[in-house]
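**Q** mmCIF, C-alpha atoms, saved as query_22.cif, coming up:
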```
data_work
loop_
_atom_site.label_atom_id
_atom_site.label_comp_id
_atom_site.auth_asym_id
_atom_site.auth_seq_id
_atom_site.Cartn_x
_atom_site.Cartn_y
_atom_site.Cartn_z
CA MET A 123 -62.78 -67.31 -41.30
CA SER A 124 -63.54 -70.27 -39.03
CA ARG A 125 -60.69 -72.58 -38.16
CA ARG A 126 -61.13 -76.32 -38.34
CA THR A 127 -61.45 -78.19 -35.08
CA PRO A 128 -59.33 -81.31 -34.58
CA PRO A 129 -61.29 -84.36 -35.74
CA PHE A 130 -63.10 -86.00 -32.84
CA GLN A 131 -62.30 -89.72 -32.94
CA PRO A 132 -63.84 -91.36 -29.88
CA ASN A 133 -63.02 -94.87 -31.14
CA GLU A 134 -59.32 -93.95 -31.12
CA ILE A 135 -59.59 -92.49 -27.62
CA VAL A 136 -61.14 -95.71 -26.29
CA SER A 137 -58.57 -97.84 -28.09
CA THR A 138 -55.70 -95.76 -26.65
CA LEU A 139 -57.06 -95.97 -23.09
CA VAL A 140 -57.57 -99.71 -23.41
CA HIS A 141 -54.12 -100.17 -24.93
CA HIS A 142 -52.52 -98.40 -21.97
CA GLU A 143 -54.62 -100.46 -19.52
CA VAL A 144 -56.13 -97.40 -17.83
CA ALA A 145 -58.89 -98.38 -15.37
CA PHE A 146 -61.79 -96.10 -16.30
CA VAL A 147 -65.55 -95.77 -16.58
CA ILE A 148 -66.94 -93.79 -19.51
CA ILE A 149 -69.61 -91.30 -18.46
CA GLY A 150 -71.61 -88.54 -20.17
CA GLY A 151 -72.63 -88.36 -23.80
CA ILE A 152 -70.23 -91.04 -25.04
CA ALA A 153 -71.63 -93.47 -22.45
CA ALA A 154 -75.05 -92.73 -23.92
CA VAL A 155 -73.87 -93.24 -27.51
CA LEU A 156 -72.13 -96.52 -26.65
CA GLN A 157 -75.43 -97.83 -25.27
CA GLY A 158 -77.46 -96.93 -28.34
CA VAL A 159 -78.68 -93.39 -27.68
CA PRO A 160 -78.71 -91.46 -31.00
CA TYR A 161 -77.02 -88.48 -29.39
CA THR A 162 -74.45 -86.01 -30.71
CA THR A 163 -71.59 -84.91 -28.48
CA PHE A 164 -68.05 -83.56 -28.72
CA ASP A 165 -67.29 -84.41 -25.09
CA PHE A 166 -65.51 -87.56 -24.01
CA ASP A 167 -65.61 -87.89 -20.23
CA ILE A 168 -64.12 -90.63 -18.09
CA VAL A 169 -63.76 -91.28 -14.39
CA TYR A 170 -60.48 -93.06 -13.81
CA SER A 171 -58.88 -95.00 -11.02
CA ARG A 172 -56.87 -92.41 -9.11
CA SER A 173 -53.99 -94.83 -8.85
CA ASP A 174 -53.63 -94.68 -12.64
CA LEU A 175 -53.20 -90.99 -13.37
CA ALA A 176 -52.92 -87.60 -11.71
CA GLY A 177 -56.03 -85.56 -12.42
CA PRO A 178 -58.61 -84.19 -13.02
CA LYS A 179 -57.49 -82.97 -16.40
CA LEU A 180 -58.83 -81.72 -19.68
CA LEU A 181 -56.57 -83.36 -22.24
CA ARG A 182 -56.42 -82.09 -25.79
CA THR A 183 -55.42 -85.22 -27.62
CA ARG A 184 -54.90 -85.67 -31.33
CA PHE A 185 -58.19 -87.57 -31.30
CA GLY A 186 -60.14 -84.74 -29.61
CA ARG A 187 -60.84 -83.48 -26.10
CA LEU A 188 -60.82 -85.90 -23.21
CA ASP A 189 -62.11 -84.89 -19.79
CA VAL A 190 -60.39 -87.02 -17.17
CA LEU A 191 -62.13 -86.92 -13.79
CA GLY A 192 -61.24 -88.40 -10.43
CA GLU A 193 -64.90 -88.43 -9.35
CA LEU A 194 -68.38 -88.07 -10.81
CA ASP A 195 -70.21 -85.07 -9.28
CA GLY A 196 -67.07 -84.40 -7.26
CA LYS A 197 -67.76 -87.30 -4.91
CA THR A 198 -68.30 -90.65 -6.64
CA THR A 199 -65.04 -92.44 -7.36
CA TRP A 200 -64.21 -94.98 -10.04
CA GLU A 201 -64.51 -97.78 -7.48
CA SER A 202 -68.01 -96.62 -6.46
CA LEU A 203 -69.08 -96.31 -10.09
CA LEU A 204 -68.23 -99.89 -10.94
CA GLU A 205 -71.49 -101.28 -9.54
CA HIS A 206 -73.40 -98.69 -11.58
CA SER A 207 -71.61 -99.49 -14.81
CA VAL A 208 -72.01 -102.06 -17.55
CA GLU A 209 -69.28 -103.80 -19.49
CA LEU A 210 -69.54 -103.54 -23.26
CA PRO A 211 -67.57 -105.36 -25.94
CA PHE A 212 -65.15 -103.12 -27.80
CA GLY A 213 -63.19 -104.87 -30.49
CA ALA A 214 -61.16 -107.57 -28.79
CA ASN A 215 -61.57 -105.81 -25.45
CA ARG A 216 -64.31 -104.69 -23.10
CA VAL A 217 -64.98 -101.23 -21.70
CA ARG A 218 -66.88 -100.08 -18.62
CA VAL A 219 -69.64 -97.54 -19.21
CA LEU A 220 -71.95 -95.80 -16.75
CA SER A 221 -75.29 -97.61 -17.05
CA LEU A 222 -78.09 -95.84 -18.87
CA ALA A 223 -80.32 -95.94 -15.77
CA THR A 224 -77.58 -94.29 -13.69
CA LEU A 225 -76.84 -91.76 -16.42
CA ILE A 226 -80.52 -90.78 -16.40
CA ALA A 227 -80.50 -90.46 -12.60
CA VAL A 228 -77.36 -88.28 -12.73
CA LYS A 229 -78.84 -86.00 -15.37
CA GLU A 230 -82.12 -85.74 -13.46
CA ARG A 231 -80.15 -84.72 -10.37
CA LEU A 232 -77.96 -82.19 -12.20
CA GLY A 233 -81.01 -80.64 -13.85
CA ARG A 234 -79.12 -78.27 -16.15
CA ASP A 235 -80.85 -77.30 -19.38
CA LYS A 236 -78.57 -79.56 -21.45
CA ASP A 237 -79.26 -82.48 -19.10
CA LYS A 238 -83.02 -81.96 -19.29
CA ALA A 239 -82.83 -81.78 -23.09
CA ALA A 240 -81.08 -85.16 -23.29
CA LEU A 241 -83.47 -87.01 -20.97
CA PRO A 242 -86.25 -87.91 -23.45
CA LEU A 243 -83.82 -89.76 -25.75
CA LEU A 244 -82.07 -91.46 -22.83
CA ARG A 245 -85.36 -92.64 -21.32
CA ALA A 246 -86.72 -93.81 -24.66
CA THR A 247 -83.54 -95.78 -25.38
CA LEU A 248 -83.64 -97.45 -21.97
CA GLU A 249 -87.28 -98.36 -22.55
CA ARG A 250 -86.42 -99.79 -25.98
CA GLN A 251 -83.51 -101.80 -24.55
CA ARG A 252 -85.81 -103.40 -21.98
CA ARG A 253 -88.30 -104.71 -24.55
CA MET B 297 -95.07 -84.28 -36.32
CA GLU B 298 -96.24 -87.81 -35.68
CA SER B 299 -95.54 -89.07 -32.18
CA GLU B 300 -96.51 -91.81 -29.79
CA PRO B 301 -98.97 -90.39 -27.26
CA THR B 302 -97.10 -91.72 -24.22
CA SER B 303 -93.58 -90.94 -25.41
CA GLU B 304 -91.45 -87.81 -25.00
CA VAL B 305 -89.86 -88.52 -28.37
CA ASP B 306 -91.33 -88.86 -31.84
CA VAL B 307 -91.39 -91.84 -34.19
CA GLY B 308 -88.32 -90.60 -36.07
CA ASP B 309 -86.32 -90.64 -32.83
CA LEU B 310 -87.55 -94.15 -32.06
CA ASP B 311 -86.37 -95.29 -35.49
CA LEU B 312 -82.94 -93.78 -34.81
CA ILE B 313 -82.82 -95.55 -31.45
CA ASP B 314 -83.68 -98.89 -33.03
CA GLU B 315 -81.03 -98.36 -35.72
CA ALA B 316 -78.42 -97.51 -33.06
CA LEU B 317 -79.37 -100.49 -30.90
CA ALA B 318 -78.79 -102.79 -33.88
CA LEU B 319 -75.14 -101.66 -34.04
CA THR B 320 -72.16 -102.72 -31.95
CA PRO B 321 -70.71 -100.15 -29.51
CA GLU B 322 -67.81 -99.51 -31.92
CA GLU B 323 -70.19 -98.99 -34.81
CA ARG B 324 -72.20 -96.54 -32.70
CA LEU B 325 -69.08 -94.44 -32.08
CA HIS B 326 -68.21 -94.63 -35.77
CA ALA B 327 -71.69 -93.36 -36.64
CA LEU B 328 -71.14 -90.45 -34.24
CA GLU B 329 -67.80 -89.68 -35.93
CA VAL B 330 -69.48 -89.62 -39.34
CA THR B 331 -72.23 -87.33 -38.05
CA LEU B 332 -69.72 -84.95 -36.47
CA LYS B 333 -67.63 -84.84 -39.66
CA SER B 334 -70.74 -83.89 -41.63
CA LEU B 335 -71.63 -81.20 -39.10
CA GLU B 336 -68.06 -79.84 -39.17
CA ALA B 337 -68.08 -79.70 -42.99
CA LEU B 338 -71.37 -77.82 -42.81
CA ARG B 339 -69.98 -75.47 -40.17
CA VAL B 340 -66.90 -74.66 -42.27
CA ALA B 341 -68.96 -74.25 -45.45
CA THR B 342 -71.25 -71.76 -43.74
CA ASP B 343 -68.43 -70.09 -41.78
CA ALA B 344 -70.37 -70.72 -38.59
CA PRO B 345 -68.67 -70.28 -35.19
CA LEU B 346 -67.04 -73.18 -33.39
CA PRO B 347 -69.24 -74.99 -30.90
CA ALA B 348 -68.88 -73.73 -27.32
CA GLU B 349 -66.70 -75.91 -25.08
#
```
Written as structure tokens, how would this file's structure read?
**A**
Amino acid sequence: MSRRTPPFQPNEIVSTLVHHEVAFVIIGGIAAVLQGVPYTTFDFDIVYSRSDLAGPKLLRTRFGRLDVLGELDGKTTWESLLEHSVELPFGANRVRVLSLATLIAVKERLGRDKDKAALPLLRATLERQRR
Amino acid sequence: MESEPTSEVDVGDLDLIDEALALTPEERLHALEVTLKSLEALRVATDAPLPAE
């Protein structure tokens, strides 16, 4: 019989990170969802300021899995990502998210099957945003 | 399936994009949570394997 997975609650993960004043940029599928891409993901990935936490880590939180990275692609730090991110309102706070254009460029560069599969929706959403 | 000739996605996807763009970022995450709960209920009901990590 299949066991139940812990409920994935990305809103709670964001709220917790904001509450603890972690300096982070959201990347990956959640960055896409936050910017209006109708995408389904179980992965919550952030790049954090290395001064905030020791990482990288895969944290199994009560709100679901959280991948905590020190760099994107093993080389781009939180500081470098800031200029490629957008700030979105989130409740009473704001969160930094990798821009859709950068997310597309990253996925084009990675070129894995799952990245290629996501590209049409990402591109179409960016096009729709720009209208 | 109906699709726009210059687009990589079909009209249904474009409708979903427009619906998502009309939401706030929090509402978009909430919609994802609802979708995932439905998928998990379906997975359990059909005794399907857990998604690969």
**Q** Just the residues within 6 Å of range 234-251 of chain A, please, counting only C-alpha atoms, with nothing from its chain fewer than 2 positions along; format it as a list of chain:residue names.
**A**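 Surrounding residues, per the criterion: A:Val159, A:Lys229, A:Leu232, A:Arg253, B:Glu304.
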**Q** Can you tell me how far CA of Leu188 in chain A sits from CA of Leu203 in chain A, in Å to one decimal?
**A** 18.7 Å
**Q** Select, as a VMD selection string, those residues of chain A with any atom no more than 7 Å from chain B (distances computed using all atoms listed in the file).
**A** chain A and resid 123 to 124 130 to 133 155 to 160 162 212 242 to 243 247
**Q** Kindly indicate which residue among A:Asp165, A:His206, A:Phe146, A:Tyr170 lies nearest to Phe185 in chain A, using all atoms listed in the file for the distances.
**A**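 Nearest to Phe185 in chain A: A:Asp165.
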**Q** Report, in Å with one decimal, the straight-line distance from CA of Arg172 in chain A to CA of Ser221 in chain A.
**A** 20.7 Å
**Q** At what distance in Å, to one decimal, does CA of Asp167 in chain A lie from CA of Leu220 in chain A?
**A** 10.7 Å
**Q** Given 6 Å of margin on each side, can you work out the centre and size in Å (one decimal) of an axis-aligned box holding every listed atom of range 147-156 of chain A, as AutoDock Vina command-line options?
**A**
```
--center_x -70.3 --center_y -92.4 --center_z -22.0 --size_x 21.5 --size_y 20.2 --size_z 22.9
```
**Q** Identify, on the basis of all atoms listed in the file, every residue whose closest approach to Glu209 in chain A does not exceed 8 Å; exclude the query and any residue fewer than 3 positions from it along the same chain; express the result as a PyMOL selection string.
**A** chain A and resi 216-219
**Q** Please determine, counting only C-alpha atoms, which residue among A:Ile149, A:Ile135, A:Gly186, A:Leu194 has the shortest atom-to-atom distance to Val208 in chain A.
**A**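 Ranking A:Ile149, A:Ile135, A:Gly186, A:Leu194 by distance to Val208 in chain A, first place goes to A:Ile149.
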